[in-house]
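Quick notes on the structure that follows.
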Amino acid sequence: MTTQQRVAEHARRPSALERVNPVTPFAAAVVYSVPMLLTIDLVTAGLALAAWLVVFAAAGIGPRTVLRRSWPLLLAAPLSAVSMLLYAEPGGRIHAQLWLAIISDRSLELSLAIGLRVLAIGVPILVGLVGLDPTRLADGLAQVARLPHRFVLAALAGVRLFGVLGEDWRQIALARRARGLGDTGAVRRALQAAFALLVVALRRGGTLATAMEARGFGGPERTWARPSTLGRADLVLLVITVVIVGLALGASLTTGAFRPVWEGAL
Amino acid sequence: MTGSRIRARGWGWQHAGRDAPALAGLDLDVEPGERVLLLGPSGAGKSTLLAALAGVLGGEDEGDEAGELAVDGSHPSTLRGTAGLVLQDPQANTIMSRVGDDVAFGCENLAVPRDEIWRRVHEALDAVGLDVALDRSTAALSGGQRQRLALAGVIAMRPGLILLDEPTANLDPAGVVEVRDAVARVARETGATLVVVEHRVETWLPVVDRVVVLAAGGGAMADGAPAAVLGAHGEQLAADGVWVPGLPVEVGRGTRRPGAPLLELAELRAGRGGEPVHEAVSLEIRAGEALVVTGPNGAGKSTLALTLAGLMPPVAGEVLASEVLRAPRSGEAEGDRAPGRAGALHERRPIRWRPKQLATRIGTVFQQPEHQFVAARVRDEIAAGLRALRQPQAEIDHRVDGLLAALRLDGLAEANPFTLSGGEQRRLSVATVLASAPRVMVLDEPTFGQDRRTWAEMVRLIASLVDERGCAVVAVTHDADVERVLGDRTLRLGER
């Protein structure tokens, strides 16, 4: 392989989200979620979620990717909806009652709004943050967010070590079965296995630190082989975020659906 | 670029909390551009010297330094980027998750300008002959590729001194040659001073022009041209664990009496996640016979071993235990046997056995001993399996004492298994498996990274399992000497 081929393979065209600096989704998540937490209503949550799904589709992030990254929310949303359905302060017509659980008009509406709100806040944040490349994130945290580079790079090396420890854990589990120790005492067994993993992890961490130090890590100054800068894509993401928040809250206020959390929604 | 000069005068180092120094009274001068092979018995402080030269030995709280040590006139710990170090474990040398980033890491730390970094990255990868894309995942590299990547990361820093700590000990034969040739080319092209620690002398003779032998008590025992040093001290070096060319290890072989079949592999394919990693294998594993499984890296040797040892389910085909292997043993209570009709198919499949049954029938020694350890003392480590089998205490003590003596671990009975040396850990891992007296022993790379002495110990031990205990041994190895000395039959995987 020639140098040109290496570079050509290196420089394939990045996707829309890959052109955004990994630090930006974090900032966007704050800008987005704080106003969105102000209200519990169907209009705000529904509009915002719909708008994000359109944006994702336009950015080439298909429904499968969205589902793959945000599936835990599909469990969390119905759960919070059900608890709201049963235990929200009753109001309006009462449909059913069992001890403390009361299903009323009000709890029906609230439970829908809560379920939708979990999705509206959670889905875009998870889609933006899950699957961020750790290396690019570290570059961004050190170069854009100006976090101390020693800390960021040590954390990055630790993340890579994590994958290695997964394989160690598997080997330890197999070794336990091979030694006839898998029959009794689940807690004790898990503790012993965890201890063995800890020892292996400490040793690996120690040698990794040595290898990093041997390559000059820890000096006062360093350069960055991969530039991490903010650009138009980052501005676009922030503008989209602000527009969606404005649109959703504006529509909710205009239609009178706005139901602020401080007005005793619970 | 010119090489660095090394100067040591009465140098020594004592690790914090140890009774004796790792190294003492070392006088050594290495001229710029010299290529030195550093030998000596294990415990003579070879790795300590390399770490000191690399400036990564640590400060005062890590140990006490004596005498004087200088690279290019300065103490190594004050230098950054003058010396580059490659460690034995390929896994330990990889820092970043992509090939290009990993090579660039050292340059970044030396504050090399960005354009210059990438120019050096390409040069370094060319120099070690690593033809992969810059964004290739480092996790996808073979051991030999990883070590060449580590070497590229080192030479991209343009060091005057390249330090290699057993860089090929964990590699298969193809990987050894890859790395050795890359080192030879780099040394020739950069003119850097080279210091290599390695037991396998023959591999490195074409590269080095000087051999230094450290003595166990401290200081250098011999120093000079390779032929002269090996000629004068060959016997001593061999006894200390160095693989001296022309002095092969001879392991006596008892009379083998192949007995009853214990395991039958029928069109077996092993693999992970439903994907077979090798072609179908059909054979019988018999008592009193050693089967050697060889093949290049990635051929599926270890996966096959774990599958026939009842630790992983086969992807296709069967592993079936014979009636002999499943017969109840002394100490195994009736109640421990799985319910069901005798001879039912699922009872013949080791993967379906409970751990206690498995341990008394098939023992497995893993590639990395520390994955196997569960106790804080060597004695308890050996007893753990017997306690799980609810043996009476007197019986446990009797067997543990026997194994401690047989594997020369009696002096270490109270030591913590994790603090043992590599060879001792390996002997202990065999002892823990032998405790429950399985009739089939599966060993994964039992001689990986061993010096000549521990290698010979290990091979004699395995041979005695077959000859004296009548075990069936399955040894996974890429070591041609193991196959020659030990194997009755050989299964080659991944050869097309």
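Letters A, B, ... mark the chains of the structure tokens in the order given; residue numbers begin at 1 per chain; ligand numbers begin at 1, in order shown.
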DSSP on the backbone: what in region 96-327 of chain B comes out strand (DSSP E or B), as a CSV table (one decimal) with C-alpha atoms, in the first residue's frame?
```
chain,number,residue,atom,x,y,z
B,98,ARG,CA,-6.7,3.3,15.1
B,137,SER,CA,-8.8,-0.7,14.1
B,161,LEU,CA,17.9,4.4,21.4
B,162,ILE,CA,15.4,1.6,20.6
B,163,LEU,CA,14.7,-0.8,23.5
B,164,LEU,CA,12.9,-4.1,22.9
B,165,ASP,CA,11.8,-6.2,25.9
B,193,THR,CA,21.4,2.3,19.1
B,194,LEU,CA,19.5,-1.0,19.8
B,195,VAL,CA,19.1,-3.0,23.0
B,196,VAL,CA,17.1,-6.3,22.8
B,197,VAL,CA,16.2,-8.6,25.6
B,200,ARG,CA,15.6,-16.9,21.7
B,210,ARG,CA,27.3,-7.5,20.7
B,211,VAL,CA,26.0,-9.7,23.5
B,212,VAL,CA,25.9,-8.6,27.1
B,213,VAL,CA,25.1,-11.2,29.8
B,214,LEU,CA,23.8,-9.9,33.2
B,220,ALA,CA,27.6,-8.0,33.7
B,221,MET,CA,29.0,-11.5,33.6
B,222,ALA,CA,30.1,-11.5,30.0
B,223,ASP,CA,30.3,-8.9,27.2
B,224,GLY,CA,31.6,-9.1,23.6
B,243,TRP,CA,18.0,-20.7,24.1
B,261,PRO,CA,-10.8,-43.7,23.7
B,262,LEU,CA,-12.0,-40.9,26.1
B,263,LEU,CA,-13.4,-38.3,23.7
B,264,GLU,CA,-14.7,-38.6,20.2
B,265,LEU,CA,-14.9,-35.5,17.9
B,266,ALA,CA,-17.4,-36.1,15.1
B,267,GLU,CA,-17.3,-33.6,12.2
B,268,LEU,CA,-16.7,-31.0,14.9
B,269,ARG,CA,-16.5,-27.3,14.0
B,271,GLY,CA,-16.5,-21.1,16.7
B,272,ARG,CA,-18.1,-18.1,18.3
B,275,GLU,CA,-19.6,-18.9,12.9
B,276,PRO,CA,-17.2,-21.9,12.5
B,281,VAL,CA,-12.5,-32.3,12.6
B,282,SER,CA,-13.1,-36.0,13.3
B,283,LEU,CA,-10.8,-37.9,15.6
B,284,GLU,CA,-10.6,-39.9,18.8
B,285,ILE,CA,-8.7,-38.7,21.9
B,286,ARG,CA,-7.2,-41.7,23.7
B,289,GLU,CA,-1.6,-40.3,24.2
B,290,ALA,CA,-0.6,-36.7,23.4
B,291,LEU,CA,-2.4,-34.8,20.6
B,292,VAL,CA,-0.7,-31.6,19.4
B,293,VAL,CA,-2.9,-29.0,17.7
B,294,THR,CA,-1.0,-26.5,15.6
B,316,ALA,CA,-21.6,-28.0,14.2
B,317,GLY,CA,-20.8,-31.7,14.9
B,318,GLU,CA,-20.3,-33.3,18.2
B,319,VAL,CA,-17.9,-33.8,21.1
B,320,LEU,CA,-18.9,-37.1,22.8
B,321,ALA,CA,-17.4,-38.6,25.9
```
Which chain B residues are at most 7 Å from chain A (counting only C-alpha atoms), as a short mmCIF file (atom, residue, chain, number, x, y, z; two decimals) with N, CA and C atoms, in the first residue's frame?
```
data_model
loop_
_atom_site.label_atom_id
_atom_site.label_comp_id
_atom_site.auth_asym_id
_atom_site.auth_seq_id
_atom_site.Cartn_x
_atom_site.Cartn_y
_atom_site.Cartn_z
N ALA B 54 14.60 3.55 29.43
CA ALA B 54 13.46 4.22 28.79
C ALA B 54 12.94 5.36 29.66
N VAL B 56 11.21 5.04 32.47
CA VAL B 56 9.87 4.77 32.99
C VAL B 56 9.92 3.92 34.26
N ARG B 80 12.89 12.93 27.15
CA ARG B 80 11.59 12.58 26.59
C ARG B 80 11.79 12.33 25.10
N GLY B 81 11.49 11.11 24.66
CA GLY B 81 11.60 10.83 23.24
C GLY B 81 12.98 10.41 22.76
N GLY B 84 12.96 4.76 22.93
CA GLY B 84 11.64 4.19 22.68
C GLY B 84 11.63 2.74 23.12
N LEU B 85 10.53 2.30 23.76
CA LEU B 85 10.47 0.97 24.36
C LEU B 85 9.30 0.18 23.77
N ALA B 92 -0.28 -4.79 25.36
CA ALA B 92 0.13 -3.68 26.22
C ALA B 92 0.72 -2.53 25.42
N ASN B 93 1.20 -2.80 24.21
CA ASN B 93 1.85 -1.76 23.42
C ASN B 93 0.88 -0.88 22.66
N ILE B 95 -1.98 1.70 22.20
CA ILE B 95 -2.55 2.76 23.03
C ILE B 95 -3.84 3.31 22.43
N MET B 96 -3.85 3.56 21.12
CA MET B 96 -5.01 4.17 20.50
C MET B 96 -5.79 3.12 19.72
N SER B 97 -7.02 3.44 19.34
CA SER B 97 -7.84 2.42 18.69
C SER B 97 -7.70 2.40 17.17
N ALA B 104 0.93 8.11 15.69
CA ALA B 104 1.07 9.56 15.90
C ALA B 104 1.21 9.93 17.37
N GLY B 106 3.07 9.21 20.01
CA GLY B 106 4.35 9.64 20.56
C GLY B 106 4.78 11.00 20.02
N GLU B 108 2.85 13.40 18.96
CA GLU B 108 2.01 14.43 19.58
C GLU B 108 2.59 14.82 20.94
N ASN B 109 3.00 13.79 21.71
CA ASN B 109 3.52 14.06 23.05
C ASN B 109 4.82 14.83 23.01
N LEU B 110 5.55 14.70 21.88
CA LEU B 110 6.80 15.45 21.74
C LEU B 110 6.55 16.80 21.09
N ALA B 111 5.27 17.16 20.90
CA ALA B 111 4.89 18.45 20.32
C ALA B 111 5.46 18.66 18.92
N VAL B 112 5.47 17.58 18.13
CA VAL B 112 5.87 17.68 16.72
C VAL B 112 4.72 18.36 15.95
N PRO B 113 5.04 19.30 15.02
CA PRO B 113 3.96 19.97 14.26
C PRO B 113 3.14 18.96 13.46
N ARG B 114 1.85 19.28 13.25
CA ARG B 114 0.90 18.34 12.69
C ARG B 114 1.32 17.76 11.33
N ILE B 117 3.99 15.30 11.72
CA ILE B 117 3.54 14.06 12.36
C ILE B 117 3.09 13.06 11.30
N HIS B 122 3.61 7.95 8.06
CA HIS B 122 3.73 7.17 6.83
C HIS B 122 5.12 6.54 6.71
N ASP B 131 1.39 -2.72 6.04
CA ASP B 131 0.59 -2.21 4.93
C ASP B 131 -0.89 -2.21 5.26
N ALA B 133 -4.50 0.35 6.34
CA ALA B 133 -5.02 1.72 6.29
C ALA B 133 -4.83 2.41 7.64
N LEU B 134 -4.72 3.74 7.58
CA LEU B 134 -4.50 4.50 8.81
C LEU B 134 -5.67 4.36 9.79
N ASP B 135 -6.88 4.19 9.24
CA ASP B 135 -8.02 4.11 10.17
C ASP B 135 -8.40 2.67 10.49
N VAL B 154 7.33 3.88 17.96
CA VAL B 154 8.60 4.26 18.58
C VAL B 154 9.49 5.02 17.59
N LEU B 311 -16.26 -26.33 27.31
CA LEU B 311 -16.45 -24.97 27.79
C LEU B 311 -17.23 -24.11 26.80
N PRO B 355 -20.28 -28.11 36.25
CA PRO B 355 -18.85 -27.82 36.45
C PRO B 355 -18.12 -28.87 37.25
N LYS B 356 -18.76 -29.40 38.33
CA LYS B 356 -18.08 -30.38 39.18
C LYS B 356 -17.77 -31.66 38.41
N LEU B 358 -17.42 -31.85 35.15
CA LEU B 358 -16.44 -31.52 34.12
C LEU B 358 -15.03 -31.54 34.70
N ALA B 359 -14.86 -30.94 35.89
CA ALA B 359 -13.52 -30.79 36.45
C ALA B 359 -12.87 -32.13 36.75
N GLY B 363 -9.71 -31.44 32.30
CA GLY B 363 -9.09 -30.26 32.89
C GLY B 363 -8.56 -29.35 31.81
N THR B 364 -8.66 -28.04 32.02
CA THR B 364 -8.17 -27.09 31.02
C THR B 364 -7.20 -26.11 31.65
N HIS B 371 -6.01 -15.81 34.70
CA HIS B 371 -7.45 -15.91 34.49
C HIS B 371 -8.07 -17.02 35.32
N GLN B 372 -7.23 -17.93 35.78
CA GLN B 372 -7.71 -19.13 36.44
C GLN B 372 -7.73 -19.02 37.95
N PHE B 373 -7.01 -18.04 38.52
CA PHE B 373 -6.79 -18.04 39.97
C PHE B 373 -7.99 -17.49 40.73
N VAL B 374 -8.29 -18.14 41.88
CA VAL B 374 -9.45 -17.73 42.67
C VAL B 374 -9.10 -17.49 44.13
N GLY B 385 -10.68 -26.49 44.02
CA GLY B 385 -11.48 -27.43 43.25
C GLY B 385 -11.90 -28.62 44.12
N ALA B 388 -14.71 -27.69 46.39
CA ALA B 388 -15.97 -27.65 45.65
C ALA B 388 -16.52 -29.06 45.48
N VAL B 433 -5.46 -27.79 38.15
CA VAL B 433 -6.28 -28.65 37.29
C VAL B 433 -6.06 -30.12 37.65
#
```
Looking only at the backbone, which of the residues in region 199-422 of chain B does DSSP tag as helix (DSSP H, G or I), as a CSV table (one decimal) with N, CA and C atoms, in the first residue's frame?
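Result file follows (result.csv):
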```csv
chain,number,residue,atom,x,y,z
B,201,VAL,N,18.0,-16.6,21.2
B,201,VAL,CA,19.2,-16.0,20.7
B,201,VAL,C,19.3,-16.1,19.2
B,202,GLU,N,18.9,-17.3,18.7
B,202,GLU,CA,19.1,-17.6,17.3
B,202,GLU,C,18.4,-16.6,16.4
B,203,THR,N,17.2,-16.2,16.8
B,203,THR,CA,16.4,-15.2,16.1
B,203,THR,C,17.1,-13.9,15.9
B,204,TRP,N,17.9,-13.5,16.9
B,204,TRP,CA,18.4,-12.1,16.9
B,204,TRP,C,19.9,-12.1,16.5
B,226,PRO,N,29.0,-11.7,19.7
B,226,PRO,CA,28.1,-12.8,19.9
B,226,PRO,C,28.8,-14.2,19.9
B,227,ALA,N,29.6,-14.5,18.9
B,227,ALA,CA,30.2,-15.8,18.8
B,227,ALA,C,31.1,-16.1,20.0
B,228,ALA,N,31.9,-15.1,20.4
B,228,ALA,CA,32.8,-15.3,21.5
B,228,ALA,C,32.1,-15.5,22.8
B,229,VAL,N,31.0,-14.7,23.1
B,229,VAL,CA,30.3,-14.9,24.3
B,229,VAL,C,29.6,-16.2,24.4
B,230,LEU,N,28.9,-16.6,23.3
B,230,LEU,CA,28.1,-17.8,23.2
B,230,LEU,C,29.1,-19.0,23.3
B,231,GLY,N,30.3,-18.9,22.7
B,231,GLY,CA,31.2,-19.9,22.7
B,231,GLY,C,31.8,-20.2,24.1
B,232,ALA,N,32.1,-19.1,24.8
B,232,ALA,CA,32.7,-19.2,26.2
B,232,ALA,C,31.7,-19.6,27.2
B,233,HIS,N,30.4,-19.1,27.1
B,233,HIS,CA,29.5,-19.2,28.2
B,233,HIS,C,28.2,-20.0,27.8
B,234,GLY,N,28.2,-20.6,26.6
B,234,GLY,CA,27.0,-21.3,26.1
B,234,GLY,C,26.3,-22.2,27.1
B,235,GLU,N,27.1,-23.1,27.8
B,235,GLU,CA,26.5,-24.0,28.7
B,235,GLU,C,25.8,-23.3,29.9
B,236,GLN,N,26.6,-22.3,30.4
B,236,GLN,CA,26.0,-21.5,31.6
B,236,GLN,C,24.7,-20.8,31.2
B,237,LEU,N,24.8,-20.2,30.0
B,237,LEU,CA,23.6,-19.5,29.5
B,237,LEU,C,22.4,-20.4,29.3
B,238,ALA,N,22.7,-21.6,28.8
B,238,ALA,CA,21.6,-22.6,28.6
B,238,ALA,C,21.0,-23.0,29.9
B,239,ALA,N,21.8,-23.2,30.9
B,239,ALA,CA,21.4,-23.5,32.2
B,239,ALA,C,20.5,-22.4,32.8
B,301,LYS,N,-7.3,-22.6,16.8
B,301,LYS,CA,-6.8,-23.6,17.7
B,301,LYS,C,-7.4,-23.5,19.1
B,302,SER,N,-7.4,-22.3,19.7
B,302,SER,CA,-7.9,-22.1,21.1
B,302,SER,C,-9.4,-22.4,21.1
B,303,THR,N,-10.1,-21.9,20.1
B,303,THR,CA,-11.6,-22.1,20.1
B,303,THR,C,-11.9,-23.6,20.1
B,304,LEU,N,-11.1,-24.4,19.3
B,304,LEU,CA,-11.3,-25.8,19.2
B,304,LEU,C,-11.0,-26.4,20.6
B,305,ALA,N,-9.9,-26.0,21.2
B,305,ALA,CA,-9.6,-26.6,22.5
B,305,ALA,C,-10.7,-26.3,23.5
B,306,LEU,N,-11.2,-25.1,23.6
B,306,LEU,CA,-12.2,-24.8,24.6
B,306,LEU,C,-13.5,-25.5,24.3
B,307,THR,N,-13.8,-25.8,23.0
B,307,THR,CA,-15.0,-26.6,22.7
B,307,THR,C,-14.8,-28.0,23.1
B,308,LEU,N,-13.7,-28.7,22.8
B,308,LEU,CA,-13.6,-30.1,23.1
B,308,LEU,C,-13.4,-30.3,24.6
B,323,GLU,N,-17.8,-44.0,27.6
B,323,GLU,CA,-18.3,-44.6,28.8
B,323,GLU,C,-17.2,-44.5,29.9
B,324,VAL,N,-15.9,-44.8,29.5
B,324,VAL,CA,-14.8,-44.8,30.4
B,324,VAL,C,-14.6,-43.5,31.1
B,325,LEU,N,-14.7,-42.4,30.3
B,325,LEU,CA,-14.5,-41.1,30.8
B,325,LEU,C,-15.6,-40.7,31.8
B,326,ARG,N,-16.8,-41.2,31.5
B,326,ARG,CA,-18.0,-40.8,32.4
B,326,ARG,C,-18.2,-41.7,33.6
B,334,GLU,N,-22.7,-40.6,44.1
B,334,GLU,CA,-23.7,-41.0,43.1
B,334,GLU,C,-24.6,-39.8,42.8
B,335,GLY,N,-24.9,-39.0,43.8
B,335,GLY,CA,-25.9,-37.9,43.6
B,335,GLY,C,-25.3,-36.8,42.7
B,336,ASP,N,-24.0,-36.8,42.5
B,336,ASP,CA,-23.4,-35.8,41.6
B,336,ASP,C,-23.6,-36.1,40.2
B,345,LEU,N,-27.7,-39.2,24.9
B,345,LEU,CA,-26.8,-38.4,24.1
B,345,LEU,C,-26.3,-37.2,24.9
B,346,HIS,N,-27.3,-36.5,25.6
B,346,HIS,CA,-26.9,-35.3,26.2
B,346,HIS,C,-25.9,-35.5,27.4
B,347,GLU,N,-26.0,-36.7,27.9
B,347,GLU,CA,-25.0,-37.0,29.0
B,347,GLU,C,-23.6,-37.2,28.4
B,348,ARG,N,-23.5,-37.5,27.1
B,348,ARG,CA,-22.2,-37.7,26.6
B,348,ARG,C,-21.6,-36.4,26.1
B,350,PRO,N,-19.9,-33.0,26.8
B,350,PRO,CA,-19.2,-32.3,28.0
B,350,PRO,C,-19.9,-30.9,28.2
B,351,ILE,N,-20.3,-30.2,27.2
B,351,ILE,CA,-20.9,-28.9,27.4
B,351,ILE,C,-22.1,-29.0,28.3
B,352,ARG,N,-22.8,-30.2,28.4
B,352,ARG,CA,-24.0,-30.3,29.2
B,352,ARG,C,-23.7,-30.7,30.7
B,355,PRO,N,-20.3,-28.1,36.2
B,355,PRO,CA,-18.9,-27.8,36.4
B,355,PRO,C,-18.1,-28.9,37.3
B,356,LYS,N,-18.8,-29.4,38.3
B,356,LYS,CA,-18.1,-30.4,39.2
B,356,LYS,C,-17.8,-31.7,38.4
B,357,GLN,N,-18.7,-32.1,37.6
B,357,GLN,CA,-18.5,-33.3,36.8
B,357,GLN,C,-17.4,-33.0,35.8
B,358,LEU,N,-17.4,-31.8,35.1
B,358,LEU,CA,-16.4,-31.5,34.1
B,358,LEU,C,-15.0,-31.5,34.7
B,359,ALA,N,-14.9,-30.9,35.9
B,359,ALA,CA,-13.5,-30.8,36.5
B,359,ALA,C,-12.9,-32.1,36.8
B,360,THR,N,-13.7,-33.2,37.1
B,360,THR,CA,-13.1,-34.5,37.4
B,360,THR,C,-12.8,-35.3,36.1
B,361,ARG,N,-13.3,-34.8,35.0
B,361,ARG,CA,-13.1,-35.5,33.7
B,361,ARG,C,-12.2,-34.9,32.7
B,369,PRO,N,-2.4,-17.7,32.9
B,369,PRO,CA,-2.7,-18.4,34.2
B,369,PRO,C,-3.6,-17.5,35.1
B,370,GLU,N,-3.3,-16.2,35.1
B,370,GLU,CA,-4.1,-15.4,36.1
B,370,GLU,C,-5.6,-15.4,35.9
B,371,HIS,N,-6.0,-15.8,34.7
B,371,HIS,CA,-7.5,-15.9,34.5
B,371,HIS,C,-8.1,-17.0,35.3
B,378,VAL,N,-1.3,-20.0,47.5
B,378,VAL,CA,-1.1,-21.1,46.5
B,378,VAL,C,-1.8,-22.3,47.0
B,379,ARG,N,-1.7,-22.6,48.3
B,379,ARG,CA,-2.2,-23.8,48.9
B,379,ARG,C,-3.8,-23.8,48.7
B,380,ASP,N,-4.4,-22.7,49.0
B,380,ASP,CA,-5.9,-22.7,48.8
B,380,ASP,C,-6.3,-22.7,47.3
B,381,GLU,N,-5.4,-22.2,46.5
B,381,GLU,CA,-5.7,-22.2,45.1
B,381,GLU,C,-5.8,-23.7,44.6
B,382,ILE,N,-4.9,-24.5,45.0
B,382,ILE,CA,-4.9,-25.9,44.6
B,382,ILE,C,-6.1,-26.6,45.3
B,383,ALA,N,-6.4,-26.2,46.5
B,383,ALA,CA,-7.5,-26.9,47.2
B,383,ALA,C,-8.9,-26.5,46.8
B,384,ALA,N,-9.0,-25.4,46.1
B,384,ALA,CA,-10.3,-24.8,45.8
B,384,ALA,C,-11.2,-25.8,45.0
B,385,GLY,N,-10.7,-26.5,44.0
B,385,GLY,CA,-11.5,-27.4,43.3
B,385,GLY,C,-11.9,-28.6,44.1
B,386,LEU,N,-11.0,-29.1,45.0
B,386,LEU,CA,-11.3,-30.2,45.9
B,386,LEU,C,-12.4,-29.9,46.9
B,387,ARG,N,-12.3,-28.6,47.4
B,387,ARG,CA,-13.4,-28.2,48.3
B,387,ARG,C,-14.7,-28.2,47.6
B,388,ALA,N,-14.7,-27.7,46.4
B,388,ALA,CA,-16.0,-27.7,45.6
B,388,ALA,C,-16.5,-29.1,45.5
B,393,GLN,N,-11.3,-33.1,54.5
B,393,GLN,CA,-10.1,-32.2,54.7
B,393,GLN,C,-8.8,-33.0,54.6
B,394,ALA,N,-8.8,-34.2,55.2
B,394,ALA,CA,-7.5,-35.0,55.3
B,394,ALA,C,-7.1,-35.3,53.8
B,395,GLU,N,-8.1,-35.7,53.0
B,395,GLU,CA,-7.8,-36.1,51.6
B,395,GLU,C,-7.3,-34.8,50.9
B,396,ILE,N,-7.9,-33.7,51.1
B,396,ILE,CA,-7.5,-32.4,50.4
B,396,ILE,C,-6.1,-32.1,50.8
B,397,ASP,N,-5.7,-32.2,52.1
B,397,ASP,CA,-4.4,-31.9,52.5
B,397,ASP,C,-3.4,-32.8,51.9
B,398,HIS,N,-3.7,-34.1,51.8
B,398,HIS,CA,-2.8,-35.1,51.3
B,398,HIS,C,-2.6,-34.8,49.8
B,399,ARG,N,-3.6,-34.5,49.0
B,399,ARG,CA,-3.4,-34.3,47.6
B,399,ARG,C,-2.7,-33.0,47.3
B,400,VAL,N,-3.0,-31.9,48.1
B,400,VAL,CA,-2.4,-30.6,47.9
B,400,VAL,C,-0.9,-30.7,48.2
B,401,ASP,N,-0.5,-31.4,49.3
B,401,ASP,CA,0.9,-31.6,49.6
B,401,ASP,C,1.6,-32.3,48.5
B,402,GLY,N,0.9,-33.4,48.0
B,402,GLY,CA,1.6,-34.1,46.9
B,402,GLY,C,1.8,-33.3,45.7
B,403,LEU,N,0.8,-32.4,45.3
B,403,LEU,CA,1.0,-31.6,44.1
B,403,LEU,C,2.0,-30.5,44.3
B,404,LEU,N,2.0,-29.9,45.5
B,404,LEU,CA,3.0,-28.9,45.8
B,404,LEU,C,4.4,-29.4,45.6
B,405,ALA,N,4.6,-30.6,46.1
B,405,ALA,CA,6.0,-31.2,46.0
B,405,ALA,C,6.3,-31.6,44.6
B,406,ALA,N,5.3,-32.2,43.9
B,406,ALA,CA,5.5,-32.7,42.6
B,406,ALA,C,5.8,-31.5,41.6
B,410,ASP,N,6.4,-26.2,46.8
B,410,ASP,CA,6.2,-26.3,48.3
B,410,ASP,C,6.8,-25.1,49.0
B,411,GLY,N,7.8,-24.5,48.5
B,411,GLY,CA,8.3,-23.3,49.1
B,411,GLY,C,7.4,-22.1,49.0
B,412,LEU,N,6.4,-22.2,48.1
B,412,LEU,CA,5.5,-21.0,47.8
B,412,LEU,C,4.1,-21.2,48.3
B,417,PRO,N,-0.9,-16.2,44.6
B,417,PRO,CA,-0.7,-16.7,43.2
B,417,PRO,C,-0.4,-15.6,42.3
B,418,PHE,N,-0.9,-14.4,42.5
B,418,PHE,CA,-0.7,-13.3,41.5
B,418,PHE,C,0.7,-12.8,41.6
B,419,THR,N,1.4,-13.1,42.7
B,419,THR,CA,2.8,-12.5,42.8
B,419,THR,C,3.9,-13.5,42.3
B,422,GLY,N,6.3,-15.9,36.1
B,422,GLY,CA,5.5,-16.5,35.0
B,422,GLY,C,5.6,-18.0,35.0
```
May I have the residues within 8 Å of region 90-93 of chain A as a ChimeraX atom specification, using only C-alpha atoms and disregarding those fewer than 5 positions away in the same chain? /A:102-107
Near Thr94 (chain B), within 9 Å and counting only C-alpha atoms, which residues show up once chain neighbours fewer than 4 positions away are dropped, as a ChimeraX atom specification? /A:208,211 /B:90,102,138-139,146-147,149-150
Would you output that residue set with C-alpha atoms, as a PDB file, in the first residue's frame?
```
ATOM      1  CA  LEU A 208      -0.560   0.697  29.591  1.00  0.00           C
ATOM      2  CA  ALA A 211       3.719   2.150  27.412  1.00  0.00           C
TER       3      ALA A 211
ATOM      4  CA  PRO B  90       1.451  -7.004  22.096  1.00  0.00           C
ATOM      5  CA  ASP B 102      -1.375   5.015  17.545  1.00  0.00           C
ATOM      6  CA  THR B 138      -5.821  -1.744  16.157  1.00  0.00           C
ATOM      7  CA  ALA B 139      -7.985  -4.481  17.710  1.00  0.00           C
ATOM      8  CA  ARG B 146       0.773  -5.123  16.703  1.00  0.00           C
ATOM      9  CA  GLN B 147       4.437  -5.414  17.599  1.00  0.00           C
ATOM     10  CA  LEU B 149       2.861  -1.081  14.986  1.00  0.00           C
ATOM     11  CA  ALA B 150       4.494  -0.495  18.374  1.00  0.00           C
TER      12      ALA B 150
END
```
If we count only C-alpha atoms, what is near Met458 (chain B) at a cut-off of 10 Å, once residues fewer than 5 positions away on the same chain are taken out, given as a PyMOL selection string? chain B and resi 407+423+426-427+430+446-447+450+452-453+463-464+482
For C-alpha atoms, I'd like the residues from the last selection saved as an mmCIF file, in the first residue's frame.
```
data_model
loop_
_atom_site.group_PDB
_atom_site.id
_atom_site.type_symbol
_atom_site.label_atom_id
_atom_site.label_comp_id
_atom_site.auth_asym_id
_atom_site.auth_seq_id
_atom_site.Cartn_x
_atom_site.Cartn_y
_atom_site.Cartn_z
ATOM 1 C CA LEU B 407 5.424 -29.267 40.911
ATOM 2 C CA GLY B 423 6.932 -20.030 35.147
ATOM 3 C CA ARG B 426 2.106 -21.790 34.917
ATOM 4 C CA ARG B 427 3.096 -24.711 37.157
ATOM 5 C CA VAL B 430 -1.389 -27.076 36.020
ATOM 6 C CA PRO B 446 1.597 -24.096 27.661
ATOM 7 C CA THR B 447 5.069 -22.833 26.618
ATOM 8 C CA GLN B 450 8.812 -19.271 28.532
ATOM 9 C CA ARG B 452 14.499 -22.478 28.088
ATOM 10 C CA ARG B 453 14.447 -23.677 31.676
ATOM 11 C CA ALA B 463 5.067 -35.720 29.243
ATOM 12 C CA SER B 464 4.748 -37.179 32.746
ATOM 13 C CA VAL B 482 6.729 -29.020 21.675
#
```
Need to verify the contact set: region 171-178 of chain B, 12 Å, only C-alpha atoms, exclusion of same-chain residues closer than 5 positions in sequence. Can you return it as an MDAnalysis selection string? chainID B and resid 88:91 128:130 141:149 151 166 183:185 198 200 202:204 206:207 294:299 445 447:450 477:481
